[in-house]
Amino acid sequence: MRVLGLETSCDETGVALYDSERGLLADALFSQIDLHRMYGGVVPELASRDHVRRAVPLIRQVLAEAGCSLQDVDALAYTAGPGLVGALLVGACTAQAMSTALGIPAVGVHHMEGHLLAPMLEENPPAFPFVALLVSGGHTQLVRVDGIGRYQLLGESLDDAAGEAFDKTAKLLGLDYPGGPEIARLAEQGTAGRFTFPRPMTDRPGLDFSFSGLKTFTLNTWQQCQAAGDASEQTRADIAYAFQQAVVETLVIKCRRALKDTQLKRLVIAGGVSANLQLREQLGAMLSKLGGQVFYARPRFCTDNGAMIAYAGCQRLLAGQQDGPQVAVHARWPM
Ligand code: KG4
Ligand code: ZN
């Protein structure tokens with residue numbers, strides 16, 4: 001089965017063609033980052049309009065790269081939520097229109113299920129069951145995964161998502177959007193041990209997270225340094241280092257706890273923040289001590305992309321799921 005996947009939930013138009021026998025045939029992505037940068041975040045209406053502009057050319061590009069025509073597509077998969085409603089509608093309408101015109105099925109995919117399954121596109125995919133840490137701009141969740149569609153939520157953020165914390169902290173340090181990669185880059189110049197930030201909610205039992213206090217802690221630290229006449233680039237880097245280290249260590253502590261609770265030794269990390277090298281390294285070290293393994297997607301499949309939607313949609317279709325012709329998207333949608 002060949003599935004054309006469309007991702008349009010936020011500020012990236014992603015298209016990919018996945019073949020259940022041969023794997024990923026082609027994928028293409030258009031990032032709107034340059035369009036939103038001057039606003040310091042995503043402007044929903046601009047995002048929707050740009051998805052309209054990009055969707056069809058990207059579909060053509062993917063089919064050409066795969067050496068396929070529209071007649072070679074067996075089904076469509078699109079992100080049905082969660083995300084920006086206007087942006088989601090572009091992918092949903094495109095997929096449903098193609099489904100009707102070509103007489104093939106279409107299936108709506110949960111964006112976070114797409115992220116969760118993205119490491120399945122890599123060479124050594126994880127076997128079920130495993131624990132997944134989903135860390136994106138909108139979500140921070142620990143999930144026990146026993147198979148496709150068999151997900152048990154173990155814990156989640158009570159306020160900001162990890163990516164959101166990176167983005168907001170970057171903004172108040174005067175860095176560009178999106179903030180995750182910017183903080184990671186600046187932190188490389190940072191000095192270990194100069195500042196120590198809290199590890200929120202690690203001193204009590206449970207698997208929930210809270211990241212909004214770290215953002216305030218960063219702001220206070222930066223303002224105190226500025227008031228003392230020290231607004232140097234080195235100080236900014238030292239703060240970025242301490243912030244990143246606090247987020248990463250908090251995530252590592254909760255992942256270790258989740259693995260212990262579930263008695264599992266396989267951990268999948270997915271979503272934009274799973275591209276963070278410190279997070280990958282420190283989780284890798286923790287898992288090797290436990291005799292387990294950590295799995296993640298290649299960096300370009302950690303952030304939003306069409307390949308993960310094509311893959312997740314294909315699994316859903318193979319399991320017999322098929323949606324009707326209605327265009328239904330969900331801004332909020334539990335997985
Ligand atoms: O999964 P994603 O592309 O979109 C959502 O579904 O939200 O995640 C985007 C988030 C942003 O908050 C971005 O700052 C963060 O992922 N991110 C990173 C890194 N690369 C992207 N955070 C930390 N380190 C990175 N290297
Ligand atoms: Zn995402």
# chains A, B, ... in the order shown; residues from 1 in each chain; ligands from 1
$ residues_near_ligand --ligand "ligand 2" --cutoff "10 Å" --atoms "only C-alpha atoms and all ligand atoms" --output "JSON, numbers by chain"
{"A": [7, 8, 9, 10, 11, 12, 82, 83, 111, 112, 113, 114, 115, 116, 134, 135, 136, 137, 138, 139, 163, 270, 271, 272, 273, 301, 302, 303, 304, 305, 308]}
$ write_last_selection --atoms "N, CA and C atoms" --output "short mmCIF file (atom, residue, chain, number, x, y, z; two decimals), in the first residue's frame"
data_model
loop_
_atom_site.label_atom_id
_atom_site.label_comp_id
_atom_site.auth_asym_id
_atom_site.auth_seq_id
_atom_site.Cartn_x
_atom_site.Cartn_y
_atom_site.Cartn_z
N GLU A 7 1.25 16.87 6.17
CA GLU A 7 1.33 17.47 7.51
C GLU A 7 1.23 18.99 7.35
N THR A 8 0.20 19.58 7.98
CA THR A 8 0.03 21.04 7.91
C THR A 8 -0.48 21.59 9.25
N SER A 9 -0.05 20.99 10.38
CA SER A 9 -0.68 21.40 11.64
C SER A 9 -0.17 22.72 12.19
N CYS A 10 1.03 23.14 11.75
CA CYS A 10 1.60 24.37 12.33
C CYS A 10 2.31 25.19 11.26
N ASP A 11 3.62 25.27 11.31
CA ASP A 11 4.33 26.16 10.38
C ASP A 11 5.24 25.41 9.42
N GLU A 12 4.95 24.12 9.21
CA GLU A 12 5.71 23.35 8.25
C GLU A 12 4.75 22.59 7.32
N PRO A 82 -3.74 17.43 16.97
CA PRO A 82 -4.05 18.81 17.35
C PRO A 82 -3.17 19.79 16.59
N GLY A 83 -3.59 21.05 16.57
CA GLY A 83 -2.82 22.06 15.85
C GLY A 83 -3.66 23.29 15.60
N HIS A 111 -1.42 14.09 15.25
CA HIS A 111 -0.07 14.61 15.05
C HIS A 111 0.95 13.95 15.99
N MET A 112 0.57 13.75 17.27
CA MET A 112 1.52 13.20 18.22
C MET A 112 1.75 11.70 17.98
N GLU A 113 0.76 11.01 17.41
CA GLU A 113 0.99 9.61 17.03
C GLU A 113 2.02 9.56 15.89
N GLY A 114 1.91 10.57 15.00
CA GLY A 114 2.91 10.67 13.93
C GLY A 114 4.30 10.81 14.53
N HIS A 115 4.48 11.76 15.45
CA HIS A 115 5.79 11.94 16.09
C HIS A 115 6.25 10.64 16.77
N LEU A 116 5.34 10.05 17.52
CA LEU A 116 5.64 8.85 18.30
C LEU A 116 6.17 7.71 17.41
N LEU A 134 7.38 12.13 24.54
CA LEU A 134 6.99 13.01 23.45
C LEU A 134 7.28 14.44 23.88
N VAL A 135 8.20 15.09 23.20
CA VAL A 135 8.60 16.45 23.58
C VAL A 135 8.58 17.36 22.35
N SER A 136 7.51 18.13 22.23
CA SER A 136 7.39 19.02 21.08
C SER A 136 7.12 20.43 21.55
N GLY A 137 6.70 21.29 20.62
CA GLY A 137 6.39 22.67 20.99
C GLY A 137 5.08 22.77 21.77
N GLY A 138 4.20 21.78 21.59
CA GLY A 138 2.89 21.84 22.24
C GLY A 138 2.65 20.77 23.29
N HIS A 139 3.52 19.74 23.34
CA HIS A 139 3.27 18.60 24.22
C HIS A 139 4.54 18.15 24.94
N GLY A 163 9.28 22.18 24.56
CA GLY A 163 9.65 23.03 23.42
C GLY A 163 9.20 24.46 23.63
N ALA A 270 10.62 11.46 20.86
CA ALA A 270 10.08 11.97 19.61
C ALA A 270 9.56 13.39 19.79
N GLY A 271 9.40 14.10 18.67
CA GLY A 271 8.99 15.51 18.71
C GLY A 271 10.21 16.41 18.60
N GLY A 272 9.98 17.69 18.32
CA GLY A 272 11.06 18.62 18.02
C GLY A 272 12.22 18.62 19.00
N VAL A 273 11.92 18.54 20.31
CA VAL A 273 12.99 18.61 21.32
C VAL A 273 13.86 17.35 21.31
N PHE A 301 13.27 14.28 10.96
CA PHE A 301 11.99 13.64 11.26
C PHE A 301 11.62 13.78 12.75
N CYS A 302 12.44 14.53 13.51
CA CYS A 302 12.06 14.85 14.90
C CYS A 302 11.07 16.00 14.90
N THR A 303 11.35 17.02 14.09
CA THR A 303 10.40 18.13 13.97
C THR A 303 9.31 17.72 12.96
N ASP A 304 8.34 18.61 12.74
CA ASP A 304 7.19 18.25 11.92
C ASP A 304 7.59 17.86 10.50
N ASN A 305 6.95 16.81 9.98
CA ASN A 305 7.28 16.32 8.64
C ASN A 305 6.14 15.46 8.10
N MET A 308 6.22 11.07 8.83
CA MET A 308 5.63 10.44 10.02
C MET A 308 4.11 10.29 9.86
#
$ select_by_dssp --residues "stretch 155-224 of chain A" --states "alpha helix (DSSP H)" --output "ChimeraX atom specification"
/A:162-172,179-187,212-224
$ closest_residue --among "A:Met335, A:Ala80, A:Val294, A:Ala312" --to "A:Tyr151" --atoms "only C-alpha atoms"
A:Met335
$ closest_residue --among "A:Val327, A:Ala165, A:Ala55, A:Ala16" --to "ligand 1" --atoms "only C-alpha atoms and all ligand atoms"
A:Ala165
$ closest_residue --among "A:Ala118, A:Ala319, A:Leu287, A:Val329" --to "ligand 1" --atoms "only C-alpha atoms and all ligand atoms"
A:Ala118
$ residues_around --residues "A:Val143" --least-positions-apart "2" --cutoff "7 Å" --atoms "only C-alpha atoms" --output "list in words"
Val131, Ala132, Leu133, Gln141, Val145, Tyr151, Gln152, Leu153 and Leu154 of chain A
$ write_last_selection --atoms "N, CA and C atoms" --output "compact mmCIF listing (two decimals), in the first residue's frame"
# COMPACT_ATOMS: atom_id res chain seq x y z
N VAL A 131 8.58 2.71 26.32
CA VAL A 131 8.13 3.98 26.89
C VAL A 131 8.50 5.06 25.89
N ALA A 132 7.59 6.00 25.65
CA ALA A 132 7.89 7.10 24.73
C ALA A 132 7.85 8.42 25.48
N LEU A 133 8.87 9.24 25.24
CA LEU A 133 8.86 10.62 25.73
C LEU A 133 8.56 11.50 24.53
N GLN A 141 4.87 14.59 27.08
CA GLN A 141 4.13 13.45 27.62
C GLN A 141 5.03 12.23 27.72
N VAL A 145 3.72 2.46 25.36
CA VAL A 145 3.24 2.08 24.03
C VAL A 145 3.32 0.55 23.89
N TYR A 151 -1.94 3.09 23.59
CA TYR A 151 -1.14 4.07 24.29
C TYR A 151 -1.73 4.35 25.68
N GLN A 152 -0.86 4.36 26.67
CA GLN A 152 -1.30 4.68 28.03
C GLN A 152 -0.49 5.88 28.53
N LEU A 153 -1.20 6.97 28.81
CA LEU A 153 -0.53 8.19 29.28
C LEU A 153 -0.02 7.97 30.70
N LEU A 154 1.29 8.18 30.90
CA LEU A 154 1.90 7.98 32.23
C LEU A 154 2.08 9.31 32.95
$ residues_around --residues "A:Leu121" --least-positions-apart "2" --cutoff "10 Å" --atoms "only C-alpha atoms" --output "number ranges by chain"
A: 18, 23-24, 117-119, 123-125, 296-298, 301, 307-308, 311
$ write_last_selection --atoms "N, CA, C and O atoms" --output "short mmCIF file (atom, residue, chain, number, x, y, z; two decimals), in the first residue's frame"
data_model
loop_
_atom_site.label_atom_id
_atom_site.label_comp_id
_atom_site.auth_asym_id
_atom_site.auth_seq_id
_atom_site.Cartn_x
_atom_site.Cartn_y
_atom_site.Cartn_z
N TYR A 18 4.84 6.95 1.40
CA TYR A 18 5.35 5.78 2.12
C TYR A 18 4.74 4.52 1.52
O TYR A 18 3.54 4.45 1.27
N GLY A 23 9.07 0.91 2.07
CA GLY A 23 9.46 1.99 2.99
C GLY A 23 9.21 3.37 2.39
O GLY A 23 8.41 3.52 1.47
N LEU A 24 9.94 4.34 2.91
CA LEU A 24 9.74 5.73 2.48
C LEU A 24 10.28 5.93 1.06
O LEU A 24 11.45 5.66 0.81
N LEU A 117 5.62 7.61 16.19
CA LEU A 117 6.00 6.49 15.32
C LEU A 117 7.16 6.84 14.37
O LEU A 117 7.65 5.96 13.66
N ALA A 118 7.59 8.12 14.37
CA ALA A 118 8.66 8.52 13.44
C ALA A 118 9.93 7.67 13.56
O ALA A 118 10.55 7.36 12.54
N PRO A 119 10.34 7.25 14.77
CA PRO A 119 11.55 6.40 14.84
C PRO A 119 11.40 5.06 14.13
O PRO A 119 12.39 4.38 13.84
N GLU A 123 16.54 2.70 10.63
CA GLU A 123 17.03 1.36 10.30
C GLU A 123 16.77 0.31 11.39
O GLU A 123 16.41 -0.81 11.08
N ASN A 124 17.00 0.69 12.66
CA ASN A 124 16.75 -0.27 13.74
C ASN A 124 15.57 0.20 14.57
O ASN A 124 15.76 0.76 15.65
N PRO A 125 14.35 -0.04 14.09
CA PRO A 125 13.19 0.50 14.82
C PRO A 125 12.98 -0.23 16.14
O PRO A 125 13.35 -1.39 16.28
N TYR A 296 15.53 7.18 18.47
CA TYR A 296 15.00 8.47 17.99
C TYR A 296 15.11 8.52 16.48
O TYR A 296 15.84 7.74 15.86
N ALA A 297 14.37 9.48 15.91
CA ALA A 297 14.39 9.63 14.46
C ALA A 297 15.55 10.51 14.05
O ALA A 297 16.12 11.23 14.87
N ARG A 298 15.93 10.47 12.75
CA ARG A 298 16.93 11.42 12.24
C ARG A 298 16.40 12.83 12.50
O ARG A 298 15.16 13.02 12.53
N PHE A 301 13.27 14.28 10.96
CA PHE A 301 11.99 13.64 11.26
C PHE A 301 11.62 13.78 12.75
O PHE A 301 10.65 13.19 13.21
N ALA A 307 6.57 12.54 6.46
CA ALA A 307 6.89 11.11 6.50
C ALA A 307 6.21 10.41 7.68
O ALA A 307 5.66 9.31 7.54
N MET A 308 6.22 11.07 8.83
CA MET A 308 5.63 10.44 10.02
C MET A 308 4.11 10.29 9.86
O MET A 308 3.52 9.33 10.37
N TYR A 311 3.50 7.39 7.39
CA TYR A 311 3.75 6.11 8.07
C TYR A 311 2.61 5.76 9.02
O TYR A 311 2.05 4.65 8.99
#
$ select_by_dssp --residues "stretch 113-314 of chain A" --states "strand (DSSP E or B)" --output "PyMOL selection string"
chain A and resi 130-135+140-147+150-157+209+266-270+293-295
$ residues_around --residues "stretch 276-286 of chain A" --least-positions-apart "2" --cutoff "9 Å" --atoms "only C-alpha atoms" --output "compact mmCIF listing (two decimals) with N, CA and C atoms, in the first residue's frame"
# COMPACT_ATOMS: atom_id res chain seq x y z
N GLY A 180 14.49 26.51 20.52
CA GLY A 180 15.21 25.29 20.91
C GLY A 180 16.60 25.20 20.31
N PRO A 181 16.68 25.22 18.96
CA PRO A 181 18.01 25.13 18.35
C PRO A 181 18.90 26.31 18.72
N ALA A 184 20.29 25.70 22.20
CA ALA A 184 21.25 24.60 22.12
C ALA A 184 22.58 25.11 21.56
N GLN A 244 19.21 24.71 29.63
CA GLN A 244 19.14 23.45 28.86
C GLN A 244 19.44 22.25 29.76
N GLN A 245 20.47 22.42 30.60
CA GLN A 245 20.86 21.32 31.48
C GLN A 245 19.72 20.97 32.45
N VAL A 247 16.42 21.41 31.95
CA VAL A 247 15.33 20.74 31.21
C VAL A 247 15.74 19.29 30.92
N VAL A 248 16.96 19.13 30.42
CA VAL A 248 17.42 17.78 30.03
C VAL A 248 17.45 16.86 31.25
N GLU A 249 18.03 17.35 32.34
CA GLU A 249 18.15 16.49 33.52
C GLU A 249 16.77 16.13 34.10
N LEU A 251 14.02 15.82 32.35
CA LEU A 251 13.46 14.80 31.46
C LEU A 251 14.10 13.44 31.70
N VAL A 252 15.43 13.44 31.94
CA VAL A 252 16.14 12.17 32.18
C VAL A 252 15.62 11.51 33.47
N CYS A 255 12.17 10.05 32.85
CA CYS A 255 12.23 8.88 31.96
C CYS A 255 12.74 7.66 32.74
N ARG A 256 13.76 7.88 33.58
CA ARG A 256 14.30 6.78 34.37
C ARG A 256 13.20 6.22 35.27
N LEU A 267 13.35 3.00 25.32
CA LEU A 267 12.79 4.35 25.40
C LEU A 267 12.85 4.98 24.01
N ILE A 269 12.29 8.60 22.03
CA ILE A 269 12.04 10.04 22.20
C ILE A 269 11.63 10.61 20.85
N GLY A 272 9.98 17.69 18.32
CA GLY A 272 11.06 18.62 18.02
C GLY A 272 12.22 18.62 19.00
N VAL A 273 11.92 18.54 20.31
CA VAL A 273 12.99 18.61 21.32
C VAL A 273 13.86 17.35 21.31
N SER A 274 13.36 16.26 20.70
CA SER A 274 14.18 15.04 20.64
C SER A 274 15.36 15.21 19.69
N SER A 288 22.19 3.12 28.78
CA SER A 288 23.25 2.11 28.70
C SER A 288 23.59 1.60 30.10
N LYS A 289 23.45 2.46 31.11
CA LYS A 289 23.65 1.99 32.51
C LYS A 289 22.60 0.95 32.88
N LEU A 290 21.37 1.14 32.35
CA LEU A 290 20.27 0.22 32.66
C LEU A 290 20.30 -1.03 31.79
N GLY A 291 21.23 -1.06 30.81
CA GLY A 291 21.27 -2.18 29.86
C GLY A 291 20.14 -2.09 28.86
N GLY A 292 19.65 -0.89 28.61
CA GLY A 292 18.57 -0.69 27.65
C GLY A 292 19.03 0.12 26.46
N GLN A 293 18.06 0.67 25.72
CA GLN A 293 18.41 1.41 24.51
C GLN A 293 17.44 2.57 24.28
N VAL A 294 17.98 3.66 23.75
CA VAL A 294 17.13 4.80 23.40
C VAL A 294 17.03 4.90 21.88
N PHE A 295 15.83 5.19 21.39
CA PHE A 295 15.57 5.26 19.95
C PHE A 295 15.06 6.65 19.59
N TYR A 296 15.53 7.18 18.47
CA TYR A 296 15.00 8.47 17.99
C TYR A 296 15.11 8.52 16.48
N PRO A 299 17.31 13.82 12.71
CA PRO A 299 16.86 15.15 13.14
C PRO A 299 15.70 15.73 12.32
$ residues_around --residues "A:Leu158" --least-positions-apart "4" --cutoff "7 Å" --atoms "only C-alpha atoms" --output "list of chain:residue names"
A:Asp208, A:Phe209, A:Ser210
$ closest_residue --among "A:Ser69, A:Thr191, A:Thr262, A:Thr202" --to "A:Glu233" --atoms "only C-alpha atoms"
A:Thr191
$ closest_residue --among "A:Gly147, A:Gly86, A:Pro44, A:Gly179" --to "ligand 1" --atoms "only C-alpha atoms and all ligand atoms"
A:Gly179
$ closest_residue --among "A:Ile148, A:Ala310, A:Cys225, A:Ala240" --to "ligand 1" --atoms "only C-alpha atoms and all ligand atoms"
A:Ala240
